[in-house]
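Comments concern the structure below.
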Amino acid sequence: MPKTLFATTRHTAAMLLVLCAATALGETPNDATRSSKTSSKMSSKQVGVMIMSGLPVGARATQFEVQDCTGPAAGRRVCYFCRYGRRPTVTLFVRDLNDEVGALVKGIDERVRKHRDARLAAFVVLLADNPFEASRRLKRFADQHEIKSTPLTVFSDRPNVLRNEYKISSDAQLTVLMWSEVRVRANHAFGSDAFERADCPEIWADVDKLVSPR
């Protein structure tokens, strides 16, 4: 069978299935066609968003070292997981320092100050090949976005810690992990084109849960 005829036959069969389902639901053919197109667009968008990266909820976070660039240990290697201990903590693993990430970090930073009584902590981990150049970028980033209470750092531990222990995917441009009592409470991961806005109701909702009494 010619490829063109085969493709046409498959498309026709698919449309017949859609129309049959629509009839069972009481939809008109036009409604079914529109529903099919909408569903296709939504599925495509969802595939772009669903990035698997970072420890799953319930997993135990572990220690790792970073090069502090703007925090209280600026210029030194430090383990912020160790410093913050069992406190509720938001950790952002980022590969790019764009304005959207800046707005998110600024929002997290504001909540760190707002929830001082709950001892909320946060730090940013830039995944970069050149730590010296990355340090300069992070200092400019902190000034530009007025980050005051959230240390900006560069990952400086062994690569297998990032890949095998924290499960950070190379496809994820941004991975947000939240833990308390060293157990992961929330995980949000985004691909290169999925995180485009600073208004993240799911992230803010999980921050509120993180500082709420259990």
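By order in the structure tokens, chains are A, B, ...; within a chain, residues start at 1; ligands start at 1, following the order shown.
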
Pick out the residues sitting within 9 Å of Phe81 in chain A, and hand them over as a PDB file with N, CA and C atoms, in the first residue's frame; count only C-alpha atoms, and ignore anything fewer than 3 positions along from it in its own chain.
ATOM      1  N   ALA A  61      17.119  13.874  51.896  1.00  0.00           N
ATOM      2  CA  ALA A  61      18.156  14.721  51.302  1.00  0.00           C
ATOM      3  C   ALA A  61      19.490  14.420  51.981  1.00  0.00           C
ATOM      4  N   THR A  62      20.579  14.643  51.267  1.00  0.00           N
ATOM      5  CA  THR A  62      21.903  14.341  51.803  1.00  0.00           C
ATOM      6  C   THR A  62      22.827  15.537  51.616  1.00  0.00           C
ATOM      7  N   GLN A  63      23.960  15.477  52.255  1.00  0.00           N
ATOM      8  CA  GLN A  63      24.883  16.614  52.218  1.00  0.00           C
ATOM      9  C   GLN A  63      25.621  16.698  50.881  1.00  0.00           C
ATOM     10  N   PHE A  64      25.962  17.927  50.496  1.00  0.00           N
ATOM     11  CA  PHE A  64      26.808  18.173  49.332  1.00  0.00           C
ATOM     12  C   PHE A  64      27.415  19.562  49.484  1.00  0.00           C
ATOM     13  N   GLU A  65      28.545  19.765  48.836  1.00  0.00           N
ATOM     14  CA  GLU A  65      29.272  21.025  48.987  1.00  0.00           C
ATOM     15  C   GLU A  65      29.051  21.954  47.804  1.00  0.00           C
ATOM     16  N   VAL A  78      31.183  25.221  51.288  1.00  0.00           N
ATOM     17  CA  VAL A  78      30.327  25.028  52.452  1.00  0.00           C
ATOM     18  C   VAL A  78      29.230  24.016  52.112  1.00  0.00           C
ATOM     19  N   TYR A  84      21.890  24.208  57.563  1.00  0.00           N
ATOM     20  CA  TYR A  84      20.468  24.408  57.847  1.00  0.00           C
ATOM     21  C   TYR A  84      19.852  23.235  58.606  1.00  0.00           C
ATOM     22  N   GLY A  85      20.515  22.098  58.582  1.00  0.00           N
ATOM     23  CA  GLY A  85      20.055  20.962  59.366  1.00  0.00           C
ATOM     24  C   GLY A  85      18.630  20.548  59.041  1.00  0.00           C
ATOM     25  N   ARG A  86      17.785  20.498  60.074  1.00  0.00           N
ATOM     26  CA  ARG A  86      16.424  20.004  59.920  1.00  0.00           C
ATOM     27  C   ARG A  86      15.425  21.124  59.631  1.00  0.00           C
ATOM     28  N   THR A  89      13.677  24.004  54.141  1.00  0.00           N
ATOM     29  CA  THR A  89      14.655  24.579  53.209  1.00  0.00           C
ATOM     30  C   THR A  89      14.165  24.447  51.773  1.00  0.00           C
ATOM     31  N   VAL A 182      14.925  16.929  56.934  1.00  0.00           N
ATOM     32  CA  VAL A 182      15.759  16.282  55.906  1.00  0.00           C
ATOM     33  C   VAL A 182      14.978  15.385  54.941  1.00  0.00           C
TER      34      VAL A 182
END

Report task. Skip Phe93 in chain A itself and residues of its chain fewer than 4 positions away, then list as a list in words all residues within 8 Å of it, counting only C-alpha atoms. Result ->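 Within the cut-off, the hits are Val124, Val125, Leu126, Leu127, Gln173, Leu174, Thr175 and Val176 of chain A.
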
Include N, CA and C atoms and write out the residues we just selected as an mmCIF file, in the first residue's frame.
data_model
loop_
_atom_site.group_PDB
_atom_site.id
_atom_site.type_symbol
_atom_site.label_atom_id
_atom_site.label_comp_id
_atom_site.auth_asym_id
_atom_site.auth_seq_id
_atom_site.Cartn_x
_atom_site.Cartn_y
_atom_site.Cartn_z
ATOM 1 N N VAL A 124 20.506 28.860 46.420
ATOM 2 C CA VAL A 124 20.502 28.591 44.982
ATOM 3 C C VAL A 124 21.810 27.918 44.615
ATOM 4 N N VAL A 125 21.725 26.878 43.794
ATOM 5 C CA VAL A 125 22.913 26.143 43.340
ATOM 6 C C VAL A 125 22.995 26.265 41.823
ATOM 7 N N LEU A 126 23.971 27.019 41.349
ATOM 8 C CA LEU A 126 24.181 27.154 39.904
ATOM 9 C C LEU A 126 25.044 25.984 39.431
ATOM 10 N N LEU A 127 24.589 25.318 38.379
ATOM 11 C CA LEU A 127 25.333 24.203 37.791
ATOM 12 C C LEU A 127 26.130 24.747 36.618
ATOM 13 N N GLN A 173 16.346 22.518 33.356
ATOM 14 C CA GLN A 173 16.994 23.813 33.506
ATOM 15 C C GLN A 173 16.804 24.358 34.919
ATOM 16 N N LEU A 174 15.758 23.915 35.573
ATOM 17 C CA LEU A 174 15.461 24.372 36.928
ATOM 18 C C LEU A 174 14.819 23.227 37.714
ATOM 19 N N THR A 175 15.392 22.914 38.861
ATOM 20 C CA THR A 175 14.819 21.915 39.764
ATOM 21 C C THR A 175 14.685 22.552 41.146
ATOM 22 N N VAL A 176 13.468 22.570 41.662
ATOM 23 C CA VAL A 176 13.198 23.166 42.976
ATOM 24 C C VAL A 176 12.855 22.037 43.946
#

Query raised in the report: Nearest to Ala73 in chain A: which of A:Arg136, A:Leu152, A:Asp129, A:Val101 is it, counting only C-alpha atoms?
Result: A:Leu152

So which residues touch Ser53 in chain A within 8 Å, counting only C-alpha atoms, skipping near sequence neighbours fewer than 2 positions away, as a JSON list (two decimals) with N, CA and C atoms, in the first residue's frame?
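As written to disk, part10.json reads:
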[["chain", "number", "residue", "atom", "x", "y", "z"],
["A", 51, "ILE", "N", 9.21, 17.11, 33.39],
["A", 51, "ILE", "CA", 10.61, 16.75, 33.46],
["A", 51, "ILE", "C", 10.84, 16.03, 34.79],
["A", 55, "LEU", "N", 15.24, 14.52, 43.74],
["A", 55, "LEU", "CA", 14.74, 13.49, 44.65],
["A", 55, "LEU", "C", 13.22, 13.51, 44.72],
["A", 167, "LYS", "N", 19.72, 13.01, 41.77],
["A", 167, "LYS", "CA", 18.90, 12.68, 40.60],
["A", 167, "LYS", "C", 18.59, 13.89, 39.73],
["A", 168, "ILE", "N", 19.50, 14.86, 39.66],
["A", 168, "ILE", "CA", 19.26, 16.04, 38.85],
["A", 168, "ILE", "C", 19.46, 15.69, 37.37],
["A", 169, "SER", "N", 18.43, 15.90, 36.58],
["A", 169, "SER", "CA", 18.47, 15.54, 35.16],
["A", 169, "SER", "C", 19.22, 16.60, 34.35],
["A", 172, "ALA", "N", 16.83, 19.14, 32.80],
["A", 172, "ALA", "CA", 16.15, 20.13, 33.64],
["A", 172, "ALA", "C", 16.96, 21.41, 33.75],
["A", 175, "THR", "N", 15.39, 22.91, 38.86],
["A", 175, "THR", "CA", 14.82, 21.92, 39.76],
["A", 175, "THR", "C", 14.68, 22.55, 41.15],
["A", 189, "ALA", "N", 10.20, 20.54, 38.69],
["A", 189, "ALA", "CA", 11.27, 20.54, 37.69],
["A", 189, "ALA", "C", 10.75, 21.08, 36.37]]

Requested in this report: Write out as a list in words each polymer residue whose atoms come within 6 Å of Ile147 in chain A, counting only C-alpha atoms; drop sequence neighbours fewer than 2 positions from it.
Outcome: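 Residues meeting the cut-off are Lys106, Ala142 and His145 of chain A.
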
Convert the current residue selection to file output with C-alpha atoms, as an mmCIF file, in the first residue's frame.
data_model
loop_
_atom_site.group_PDB
_atom_site.id
_atom_site.type_symbol
_atom_site.label_atom_id
_atom_site.label_comp_id
_atom_site.auth_asym_id
_atom_site.auth_seq_id
_atom_site.Cartn_x
_atom_site.Cartn_y
_atom_site.Cartn_z
ATOM 1 C CA LYS A 106 13.436 37.045 44.604
ATOM 2 C CA ALA A 142 22.104 39.116 43.371
ATOM 3 C CA HIS A 145 17.356 41.109 41.641
#

Query raised in the report: Hey, what does DSSP flag as helix (DSSP H, G or I) within range 24-165 of chain A? Can you give it to me as a VMD selection string?
Result: chain A and resid 24 to 25 29 to 49 80 to 84 99 to 114 116 to 118 131 to 145 159 to 165

**Report entry** Selection: 12 Å around Asp208 in chain A, only C-alpha atoms, excl. self and same-chain fewer than 6 positions, as an MDAnalysis selection string
**Finding:** chainID A and resid 88:90 108 111:112 114:115 118 120 178 185:186 201:202 214

Query raised in the report: Quick one: of A:Ser180, A:Ser212, A:Asn187, A:Ser192, who's nearest to Arg60 in chain A, counting only C-alpha atoms?
Result: A:Ser180

Requested in this report: Go through A:Arg163, A:Lys148, A:Arg158, A:Arg116 one by one, measure the shortest atom-to-atom distance of each to Val211 in chain A using only C-alpha atoms, and give the residue with the smallest value.
Outcome: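 Ranked by minimum distance to Val211 in chain A, first place goes to A:Arg116.
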
Report task. Would you please give, as a PyMOL selection string, all residues of range 66-200 of chain A that DSSP assigns to strand (DSSP E) based on the backbone? Result -> chain A and resi 66-68+77-78+89-94+121-126+152-155+174-180+183-190

Could you write out that same residue set with N, CA and C atoms as a CSV table (one decimal), in the first residue's frame?
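Just written: again11.csv:
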chain,number,residue,atom,x,y,z
A,66,VAL,N,29.1,23.2,48.1
A,66,VAL,CA,28.9,24.3,47.1
A,66,VAL,C,30.0,25.4,47.4
A,67,GLN,N,30.3,26.2,46.4
A,67,GLN,CA,31.1,27.3,46.6
A,67,GLN,C,30.2,28.5,46.8
A,68,ASP,N,30.3,29.1,48.0
A,68,ASP,CA,29.4,30.2,48.3
A,68,ASP,C,29.9,31.4,47.7
A,77,ARG,N,34.1,27.0,50.4
A,77,ARG,CA,33.2,25.9,50.2
A,77,ARG,C,32.4,25.6,51.5
A,78,VAL,N,31.2,25.2,51.3
A,78,VAL,CA,30.3,25.0,52.5
A,78,VAL,C,29.2,24.0,52.1
A,89,THR,N,13.7,24.0,54.1
A,89,THR,CA,14.7,24.6,53.2
A,89,THR,C,14.2,24.4,51.8
A,90,VAL,N,14.4,25.5,51.0
A,90,VAL,CA,14.1,25.5,49.6
A,90,VAL,C,15.4,25.6,48.8
A,91,THR,N,15.7,24.6,48.0
A,91,THR,CA,16.9,24.6,47.2
A,91,THR,C,16.6,24.6,45.7
A,92,LEU,N,17.2,25.5,45.0
A,92,LEU,CA,17.0,25.7,43.6
A,92,LEU,C,18.3,25.3,42.8
A,93,PHE,N,18.2,24.3,42.0
A,93,PHE,CA,19.3,23.9,41.1
A,93,PHE,C,19.0,24.5,39.8
A,94,VAL,N,19.9,25.4,39.3
A,94,VAL,CA,19.6,26.1,38.1
A,94,VAL,C,20.8,26.0,37.1
A,121,ALA,N,14.6,28.5,55.3
A,121,ALA,CA,15.9,28.8,54.7
A,121,ALA,C,15.9,28.5,53.2
A,122,ALA,N,16.8,29.0,52.5
A,122,ALA,CA,16.9,28.8,51.0
A,122,ALA,C,18.3,29.0,50.5
A,123,PHE,N,18.6,28.3,49.4
A,123,PHE,CA,19.9,28.6,48.7
A,123,PHE,C,19.8,28.2,47.3
A,124,VAL,N,20.5,28.9,46.4
A,124,VAL,CA,20.5,28.6,45.0
A,124,VAL,C,21.8,27.9,44.6
A,125,VAL,N,21.7,26.9,43.8
A,125,VAL,CA,22.9,26.1,43.3
A,125,VAL,C,23.0,26.3,41.8
A,126,LEU,N,24.0,27.0,41.3
A,126,LEU,CA,24.2,27.2,39.9
A,126,LEU,C,25.0,26.0,39.4
A,152,LEU,N,23.6,32.6,47.1
A,152,LEU,CA,23.8,32.1,45.7
A,152,LEU,C,25.1,31.3,45.6
A,153,THR,N,25.1,30.1,45.2
A,153,THR,CA,26.3,29.3,45.2
A,153,THR,C,26.5,28.6,43.9
A,154,VAL,N,27.7,28.0,43.8
A,154,VAL,CA,28.0,27.1,42.6
A,154,VAL,C,28.3,25.7,43.1
A,155,PHE,N,27.7,24.7,42.4
A,155,PHE,CA,27.9,23.3,42.8
A,155,PHE,C,29.4,23.0,42.7
A,174,LEU,N,15.8,23.9,35.6
A,174,LEU,CA,15.5,24.4,36.9
A,174,LEU,C,14.8,23.2,37.7
A,175,THR,N,15.4,22.9,38.9
A,175,THR,CA,14.8,21.9,39.8
A,175,THR,C,14.7,22.6,41.1
A,176,VAL,N,13.5,22.6,41.7
A,176,VAL,CA,13.2,23.2,43.0
A,176,VAL,C,12.9,22.0,43.9
A,177,LEU,N,13.7,21.9,44.9
A,177,LEU,CA,13.5,20.9,46.0
A,177,LEU,C,13.2,21.5,47.3
A,178,MET,N,12.2,21.1,48.0
A,178,MET,CA,11.9,21.6,49.3
A,178,MET,C,11.9,20.5,50.3
A,179,TRP,N,12.7,20.7,51.4
A,179,TRP,CA,12.7,19.6,52.4
A,179,TRP,C,12.6,20.2,53.8
A,180,SER,N,12.2,19.4,54.8
A,180,SER,CA,12.2,19.7,56.2
A,180,SER,C,12.4,18.4,56.9
A,183,ARG,N,13.6,15.5,55.0
A,183,ARG,CA,12.8,14.7,54.0
A,183,ARG,C,12.2,15.6,53.0
A,184,VAL,N,12.3,15.2,51.7
A,184,VAL,CA,11.8,16.0,50.6
A,184,VAL,C,10.3,16.1,50.7
A,185,ARG,N,9.8,17.4,50.7
A,185,ARG,CA,8.3,17.6,50.8
A,185,ARG,C,7.7,18.0,49.5
A,186,ALA,N,8.5,18.5,48.6
A,186,ALA,CA,8.0,19.0,47.3
A,186,ALA,C,9.1,19.0,46.2
A,187,ASN,N,8.7,18.8,45.0
A,187,ASN,CA,9.7,18.7,43.9
A,187,ASN,C,9.0,19.4,42.7
A,188,HIS,N,9.7,20.4,42.1
A,188,HIS,CA,9.2,21.0,40.9
A,188,HIS,C,10.4,21.1,39.9
A,189,ALA,N,10.2,20.5,38.7
A,189,ALA,CA,11.3,20.5,37.7
A,189,ALA,C,10.7,21.1,36.4
A,190,PHE,N,11.6,21.8,35.7
A,190,PHE,CA,11.2,22.5,34.4
A,190,PHE,C,12.3,22.3,33.4

Query raised in the report: If you measure from CA of Thr70 in chain A to CA of Ser135 in chain A, what distance in Å do you get, rounded to one decimal?
Result: 8.5 Å

Query raised in the report: Which of these residues is nearest to Asp96 in chain A, using only C-alpha atoms: A:Tyr80, A:Phe141, A:Trp204, A:Tyr166?
Result: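 Ranked by minimum distance to Asp96 in chain A, first place goes to A:Phe141.
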
Report task. Quick one: pull the distance between CA of Gly58 in chain A and CA of Pro72 in chain A, Å, one decimal. Result -> 29.5 Å

Requested in this report: Please measure the separation of CA of Asn160 in chain A and CA of Arg83 in chain A, giving the value in Å to one decimal.
Outcome: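 Spanning CA of Asn160 in chain A to CA of Arg83 in chain A is a straight-line distance of 21.7 Å.
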
Query raised in the report: Which residue, A:Leu138, A:Asp171, A:Ser156, A:Glu181, has the smallest gap to Cys82 in chain A when you use only C-alpha atoms?
Result: A:Glu181
